[in-house]
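As provided, run-v2.txt (compact mmCIF, C-alpha atoms) reads as follows.
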```txt
# COMPACT_ATOMS: atom_id res chain seq x y z
CA MET A 1337 27.26 18.84 5.99
CA GLY A 1338 23.85 18.62 7.62
CA PHE A 1339 20.45 19.41 6.14
CA VAL A 1340 17.30 20.46 8.02
CA PHE A 1341 14.09 20.02 6.03
CA GLN A 1342 11.46 22.72 5.63
CA ASN A 1343 8.90 20.60 7.44
CA PRO A 1344 10.44 19.01 10.57
CA GLU A 1345 7.82 16.25 10.47
CA ASN A 1346 9.58 14.91 7.37
CA GLN A 1347 12.70 14.45 9.47
CA LEU A 1348 11.28 13.10 12.73
CA PHE A 1349 10.04 9.53 12.94
CA ALA A 1350 11.31 7.87 16.14
CA LEU A 1351 9.25 7.26 19.28
CA SER A 1352 11.22 9.76 21.37
CA VAL A 1353 13.16 12.98 20.87
CA GLU A 1354 16.32 11.32 22.16
CA LYS A 1355 16.09 8.52 19.59
CA ASP A 1356 15.54 11.03 16.75
CA VAL A 1357 18.59 13.05 17.79
CA ALA A 1358 20.70 9.87 18.05
CA PHE A 1359 19.58 8.39 14.73
CA GLY A 1360 22.23 9.98 12.49
CA LEU A 1361 25.08 9.09 14.84
CA GLU A 1362 23.89 5.50 15.10
CA ASN A 1363 23.83 5.23 11.30
CA LEU A 1364 27.38 6.56 11.20
CA ALA A 1365 28.30 3.71 13.59
CA LYS A 1366 29.74 6.08 16.20
CA PRO A 1367 30.75 4.63 19.58
CA ARG A 1368 27.99 4.54 22.20
CA GLU A 1369 29.82 7.00 24.50
CA GLU A 1370 30.19 9.53 21.66
CA ILE A 1371 26.52 9.16 20.75
CA ARG A 1372 25.43 9.78 24.35
CA LYS A 1373 27.74 12.81 24.69
CA ASN A 1374 26.71 14.37 21.34
CA VAL A 1375 22.99 13.74 21.85
CA ASP A 1376 23.03 15.37 25.31
CA TRP A 1377 25.14 18.27 24.01
CA ALA A 1378 22.85 18.94 21.00
CA MET A 1379 19.66 18.68 23.07
CA ASP A 1380 21.04 21.02 25.74
CA LEU A 1381 22.23 23.47 23.09
CA MET A 1382 18.77 23.58 21.52
CA GLY A 1383 17.03 23.79 24.90
CA ILE A 1384 15.13 20.52 24.49
CA GLY A 1385 16.77 18.41 27.21
CA SER A 1386 13.47 18.23 29.12
CA LEU A 1387 11.80 16.73 26.03
CA LYS A 1388 14.19 13.78 25.89
CA TYR A 1389 11.53 11.10 26.37
CA SER A 1390 8.68 12.94 24.63
CA ALA A 1391 7.20 11.61 21.41
CA PRO A 1392 7.92 14.01 18.52
CA PHE A 1393 4.27 14.01 17.41
CA GLU A 1394 3.33 15.57 20.80
CA LEU A 1395 5.55 18.63 20.29
CA SER A 1396 4.76 22.13 19.05
CA GLY A 1397 6.06 23.32 15.68
CA GLY A 1398 8.91 25.25 17.29
CA GLN A 1399 9.90 22.28 19.43
CA LYS A 1400 9.87 19.96 16.42
CA GLN A 1401 12.09 22.38 14.52
CA ARG A 1402 14.56 22.44 17.42
CA VAL A 1403 14.60 18.64 17.55
CA ALA A 1404 15.29 18.50 13.80
CA ILE A 1405 18.17 20.96 14.20
CA ALA A 1406 19.53 19.05 17.21
CA SER A 1407 19.50 15.81 15.22
CA VAL A 1408 21.74 17.45 12.63
CA LEU A 1409 23.94 19.24 15.19
CA ALA A 1410 24.60 16.00 17.06
CA MET A 1411 26.61 14.84 14.04
CA LYS A 1412 28.73 18.04 14.34
CA PRO A 1413 28.67 19.12 10.70
CA GLU A 1414 30.89 21.95 9.46
CA VAL A 1415 28.03 23.34 7.37
CA MET A 1416 24.33 23.26 8.15
CA ILE A 1417 21.69 23.99 5.50
CA LEU A 1418 18.21 24.96 6.66
CA ASP A 1419 15.40 24.99 4.12
CA GLU A 1420 12.84 27.59 5.19
CA PRO A 1421 12.98 26.59 8.85
CA THR A 1422 10.34 29.14 9.89
CA SER A 1423 7.65 28.28 7.34
CA PHE A 1424 5.47 26.57 9.98
CA LEU A 1425 6.29 28.97 12.82
CA ASP A 1426 4.68 32.14 14.15
CA PRO A 1427 6.83 35.34 14.13
CA VAL A 1428 7.84 35.09 17.82
CA THR A 1429 8.98 31.46 17.51
CA ALA A 1430 10.67 32.25 14.18
CA ARG A 1431 12.65 35.06 15.83
CA LYS A 1432 13.75 32.69 18.62
CA LEU A 1433 14.86 30.15 16.02
CA PHE A 1434 16.90 32.79 14.15
CA GLU A 1435 18.56 33.77 17.44
CA ILE A 1436 19.51 30.15 18.06
CA VAL A 1437 20.89 29.75 14.54
CA LYS A 1438 22.89 32.99 14.86
CA SER A 1439 24.40 31.80 18.14
CA LEU A 1440 25.38 28.49 16.49
CA ASN A 1441 27.25 30.48 13.86
CA GLU A 1442 28.92 32.83 16.32
CA GLU A 1443 29.72 30.44 19.16
CA LEU A 1444 30.51 27.24 17.24
CA GLY A 1445 31.84 28.76 14.03
CA LEU A 1446 29.24 26.71 12.16
CA THR A 1447 28.60 27.85 8.61
CA VAL A 1448 24.85 28.20 8.15
CA VAL A 1449 23.17 28.38 4.76
CA LEU A 1450 19.59 29.46 5.22
CA VAL A 1451 16.96 29.39 2.47
CA GLU A 1452 14.25 31.80 3.58
CA HIS A 1453 11.56 34.11 2.24
CA ARG A 1454 10.76 35.95 5.48
CA LEU A 1455 13.42 38.62 5.01
CA SER A 1456 11.85 41.07 7.44
CA LEU A 1457 12.62 38.66 10.28
CA LEU A 1458 15.86 37.25 8.92
CA SER A 1459 17.68 40.37 7.75
CA THR A 1460 18.97 41.42 11.18
CA TYR A 1461 20.46 37.99 11.91
CA VAL A 1462 22.54 37.38 8.79
CA ASN A 1463 25.78 38.83 7.47
CA ARG A 1464 25.19 38.07 3.79
CA ILE A 1465 22.23 37.74 1.44
CA ILE A 1466 22.38 36.02 -1.92
CA VAL A 1467 19.38 36.59 -4.18
CA MET A 1468 18.72 34.00 -6.86
CA ASP A 1469 16.40 34.45 -9.79
CA GLU A 1470 15.67 31.67 -12.29
CA GLY A 1471 18.71 29.71 -11.15
CA HIS A 1472 21.16 32.61 -11.36
CA VAL A 1473 22.73 34.71 -8.63
CA ARG A 1474 21.38 38.22 -9.14
CA MET A 1475 22.63 39.88 -5.97
CA ASP A 1476 25.18 39.05 -3.31
CA GLY A 1477 26.16 41.30 -0.43
CA LEU A 1478 25.45 42.77 2.95
CA PRO A 1479 21.76 42.69 3.92
CA ILE A 1480 21.52 46.48 4.01
CA ASP A 1481 23.03 46.83 0.53
CA VAL A 1482 20.91 44.11 -1.05
CA LEU A 1483 17.63 45.14 0.53
CA ALA A 1484 18.13 48.87 -0.08
CA SER A 1485 18.73 48.36 -3.79
CA LYS A 1486 16.13 49.07 -6.45
CA GLU A 1487 17.11 45.80 -8.18
CA ALA A 1488 15.83 43.74 -5.23
CA LEU A 1489 12.45 45.41 -5.50
CA SER A 1490 12.39 45.09 -9.28
CA ILE A 1491 12.85 41.31 -9.22
CA GLY A 1492 10.12 40.83 -6.63
CA ILE A 1493 12.08 40.37 -3.42
CA GLY A 1494 9.86 40.86 -0.36
CA ILE A 1495 11.62 43.93 1.00
CA PRO A 1496 11.02 44.38 4.76
CA LYS A 1497 8.30 46.96 5.41
CA ILE A 1498 10.61 49.13 7.48
CA MET A 1499 13.03 49.31 4.53
CA ARG A 1500 10.18 50.31 2.21
CA LEU A 1501 9.09 53.03 4.65
CA TYR A 1502 12.67 54.28 4.78
CA GLN A 1503 12.89 54.31 0.95
CA ASN A 1504 9.56 56.16 0.62
CA LEU A 1505 10.65 58.83 3.10
CA VAL A 1506 13.98 59.33 1.33
CA GLU A 1507 12.20 59.59 -2.04
CA ASN A 1508 10.08 62.36 -0.47
CA ASN A 1509 13.24 64.29 0.50
CA VAL A 1510 13.33 63.30 4.17
CA LYS A 1511 17.00 63.23 5.22
CA LEU A 1512 17.44 60.02 7.22
CA GLY A 1513 21.10 59.10 6.72
CA LYS A 1514 22.02 55.44 6.31
CA PRO A 1515 19.29 52.90 5.55
CA ALA A 1516 17.63 51.08 8.43
CA ILE A 1517 17.11 47.35 8.17
CA SER A 1518 15.16 46.76 11.35
CA VAL A 1519 12.46 48.56 13.33
CA ASP A 1520 14.97 49.15 16.15
CA GLU A 1521 17.51 50.73 13.78
CA PHE A 1522 14.81 52.89 12.18
CA ALA A 1523 13.54 54.03 15.60
CA GLU A 1524 17.10 54.95 16.59
CA THR A 1525 17.51 56.95 13.36
CA ILE A 1526 14.28 58.85 14.08
CA ARG A 1527 15.29 59.48 17.71
CA SER A 1528 18.65 60.91 16.64
CA LEU A 1529 16.94 63.19 14.10
CA LEU A 1530 14.51 64.47 16.72
CA LYS A 1531 17.40 65.33 19.06
CA LYS A 1532 18.93 67.64 16.45
```

Rewrite the structure from the file as structure tokens, please.
Amino acid sequence: MGFVFQNPENQLFALSVEKDVAFGLENLAKPREEIRKNVDWAMDLMGIGSLKYSAPFELSGGQKQRVAIASVLAMKPEVMILDEPTSFLDPVTARKLFEIVKSLNEELGLTVVLVEHRLSLLSTYVNRIIVMDEGHVRMDGLPIDVLASKEALSIGIGIPKIMRLYQNLVENNVKLGKPAISVDEFAETIRSLLKK
């Protein structure tokens, strides 16, 4: 199991990206050849191969986050936990990070547990949302089911704006069909209604 901290600066401390990515493997006393292979693989996978000799403190927030993820991936965990990995990122970089994490899940079969509050960005990338409230699981299900429920709103979950718009229109007797979880889905729903 690998853990990626909320703030990547708490995880990066070496003088180069390569050394940070290799650190966990070295502490596990892996053979040098395996370390080299896994470090190169993880850096290539995260698109940071060109940063190999860069000092972590010289990197952007998105680059630091990718280095932190690569340092965990290099150890090839079965489960990776990310604690609010987008908290220091702008929306465009956050979206790119979610795309990378989704591809890790789909292509490597890696189980990813993601703690996140930015549901409007995250909801289209995940296949399950678990809502916790005061240490108890309150909701558990498909993103569309959880986010469309009145319970989510009642316990203070930050429902994506597009979902709120959808709910307001439905409450005002606009027939929209199934709920939309993303702007693209909502636009498609509107397009199909206009064609009728």

Distance query 9 Å from (7.4, 37.7, 7.0) using all atoms listed in the file, result as a list in words: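 Taken together, the residues in range are Pro1427, His1453, Arg1454, Leu1455, Ser1456, Leu1457, Leu1458, Gly1494 and Pro1496 of chain A.
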
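Atom CA of Tyr1389 of chain A is found 12.3 Å from atom CA of Asp1376 of chain A.
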
Between atom CA of Glu1443 of chain A and atom CA of Ser1386 of chain A - distance in Å to one decimal: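 About the pair atom CA of Ser1386 of chain A and atom CA of Glu1443 of chain A: they are 22.6 Å apart.
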
Atom-to-atom span, atom CA of Met1379 of chain A and atom CA of Val1451 of chain A, Å: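 Straight-line distance from atom CA of Met1379 of chain A to atom CA of Val1451 of chain A works out to 23.4 Å.
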
Which residues, protein or nucleic acid, reach to within 12 Å of (17.2, 35.8, -6.9) in the file's coordinates when using all atoms listed in the file, and can you give that as a PDB file with C-alpha atoms, in the coordinates of the input?
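And here's point22.pdb as it stands now:
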```pdb
ATOM      1  CA  VAL A1451      16.960  29.390   2.470  1.00  0.00           C
ATOM      2  CA  GLU A1452      14.250  31.800   3.580  1.00  0.00           C
ATOM      3  CA  HIS A1453      11.560  34.110   2.240  1.00  0.00           C
ATOM      4  CA  ILE A1465      22.230  37.740   1.440  1.00  0.00           C
ATOM      5  CA  ILE A1466      22.380  36.020  -1.920  1.00  0.00           C
ATOM      6  CA  VAL A1467      19.380  36.590  -4.180  1.00  0.00           C
ATOM      7  CA  MET A1468      18.720  34.000  -6.860  1.00  0.00           C
ATOM      8  CA  ASP A1469      16.400  34.450  -9.790  1.00  0.00           C
ATOM      9  CA  GLU A1470      15.670  31.670 -12.290  1.00  0.00           C
ATOM     10  CA  GLY A1471      18.710  29.710 -11.150  1.00  0.00           C
ATOM     11  CA  HIS A1472      21.160  32.610 -11.360  1.00  0.00           C
ATOM     12  CA  VAL A1473      22.730  34.710  -8.630  1.00  0.00           C
ATOM     13  CA  ARG A1474      21.380  38.220  -9.140  1.00  0.00           C
ATOM     14  CA  MET A1475      22.630  39.880  -5.970  1.00  0.00           C
ATOM     15  CA  ASP A1476      25.180  39.050  -3.310  1.00  0.00           C
ATOM     16  CA  VAL A1482      20.910  44.110  -1.050  1.00  0.00           C
ATOM     17  CA  LEU A1483      17.630  45.140   0.530  1.00  0.00           C
ATOM     18  CA  GLU A1487      17.110  45.800  -8.180  1.00  0.00           C
ATOM     19  CA  ALA A1488      15.830  43.740  -5.230  1.00  0.00           C
ATOM     20  CA  LEU A1489      12.450  45.410  -5.500  1.00  0.00           C
ATOM     21  CA  SER A1490      12.390  45.090  -9.280  1.00  0.00           C
ATOM     22  CA  ILE A1491      12.850  41.310  -9.220  1.00  0.00           C
ATOM     23  CA  GLY A1492      10.120  40.830  -6.630  1.00  0.00           C
ATOM     24  CA  ILE A1493      12.080  40.370  -3.420  1.00  0.00           C
ATOM     25  CA  GLY A1494       9.860  40.860  -0.360  1.00  0.00           C
TER      26      GLY A1494
END
```

Closest of A:Ala1404, A:Leu1425, A:Val1462, A:Ala1358 to Glu1442 of chain A - atom-to-atom distances counting all atoms listed in the file: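 Looking only at the distances to Glu1442 of chain A, the closest residue turns out to be A:Val1462.
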
Sort by chain and increasing residue number a table of all residues of segment 1359-1472 of chain A within 7 Å of segment 1337-1340 of chain A, each with its closest pair of atoms and their distance in Å to one decimal, counting all atoms listed in the file, and write it as a Markdown table.
```
| residue | atom | partner | partner_atom | distance |
| --- | --- | --- | --- | --- |
| A:Ala1404 | CA | A:Val1340 | CA | 6.4 |
| A:Ile1405 | CA | A:Val1340 | CA | 6.3 |
| A:Val1408 | CA | A:Gly1338 | CA | 5.6 |
| A:Pro1413 | CA | A:Met1337 | CA | 4.9 |
| A:Glu1414 | CA | A:Met1337 | CA | 5.9 |
| A:Val1415 | CA | A:Met1337 | CA | 4.8 |
| A:Met1416 | CA | A:Gly1338 | CA | 4.7 |
| A:Ile1417 | CA | A:Phe1339 | CA | 4.8 |
| A:Leu1418 | CA | A:Val1340 | CA | 4.8 |
| A:Asp1419 | CA | A:Val1340 | CA | 6.3 |
```

Generate the output file for the selected residues, C-alpha atoms, as an mmCIF file, keeping the file's coordinate frame.
```
data_model
loop_
_atom_site.group_PDB
_atom_site.id
_atom_site.type_symbol
_atom_site.label_atom_id
_atom_site.label_comp_id
_atom_site.auth_asym_id
_atom_site.auth_seq_id
_atom_site.Cartn_x
_atom_site.Cartn_y
_atom_site.Cartn_z
ATOM 1 C CA ALA A 1404 15.290 18.500 13.800
ATOM 2 C CA ILE A 1405 18.170 20.960 14.200
ATOM 3 C CA VAL A 1408 21.740 17.450 12.630
ATOM 4 C CA PRO A 1413 28.670 19.120 10.700
ATOM 5 C CA GLU A 1414 30.890 21.950 9.460
ATOM 6 C CA VAL A 1415 28.030 23.340 7.370
ATOM 7 C CA MET A 1416 24.330 23.260 8.150
ATOM 8 C CA ILE A 1417 21.690 23.990 5.500
ATOM 9 C CA LEU A 1418 18.210 24.960 6.660
ATOM 10 C CA ASP A 1419 15.400 24.990 4.120
#
```

Spatial neighbours of segment 1507-1519 of chain A, 8 Å, all atoms listed in the file, chain gap at least 4 places, as a ChimeraX atom specification: /A:1456,1459-1460,1479-1480,1483-1484,1496,1498-1499,1502-1503,1523,1525-1526,1529

Close residues, Gln1401 of chain A itself excluded, 10 Å, only C-alpha atoms, min 6 positions apart in chain, as a PyMOL selection string: chain A and resi 1340-1345+1347-1348+1382+1395+1407+1421-1422+1424-1425+1430+1433

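Using only C-alpha atoms for every distance, the candidate list A:Asn1363, A:Val1353, A:Ser1390, A:Leu1446 yields A:Val1353 as the residue closest to Arg1402 of chain A.
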
Best match for closeness to Phe1349 of chain A among A:Glu1435, A:Asp1380, A:Asp1426, A:Glu1394, counting only C-alpha atoms: A:Glu1394

Taking all atoms of segment 1451-1455 of chain A that the file lists, what box with edges along x, y and z, padded by 8 Å per side, do you get, with centre and edge lengths in Å to one decimal, as lines of an AutoDock Vina configuration file?
```
center_x = 13.9
center_y = 34.0
center_z = 3.9
size_x = 22.2
size_y = 25.2
size_z = 19.2
```

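Here the question is which of A:Phe1434, A:Tyr1461, A:Trp1377, A:Phe1522 gets nearest to Leu1409 of chain A using only C-alpha atoms, and that residue is A:Trp1377.
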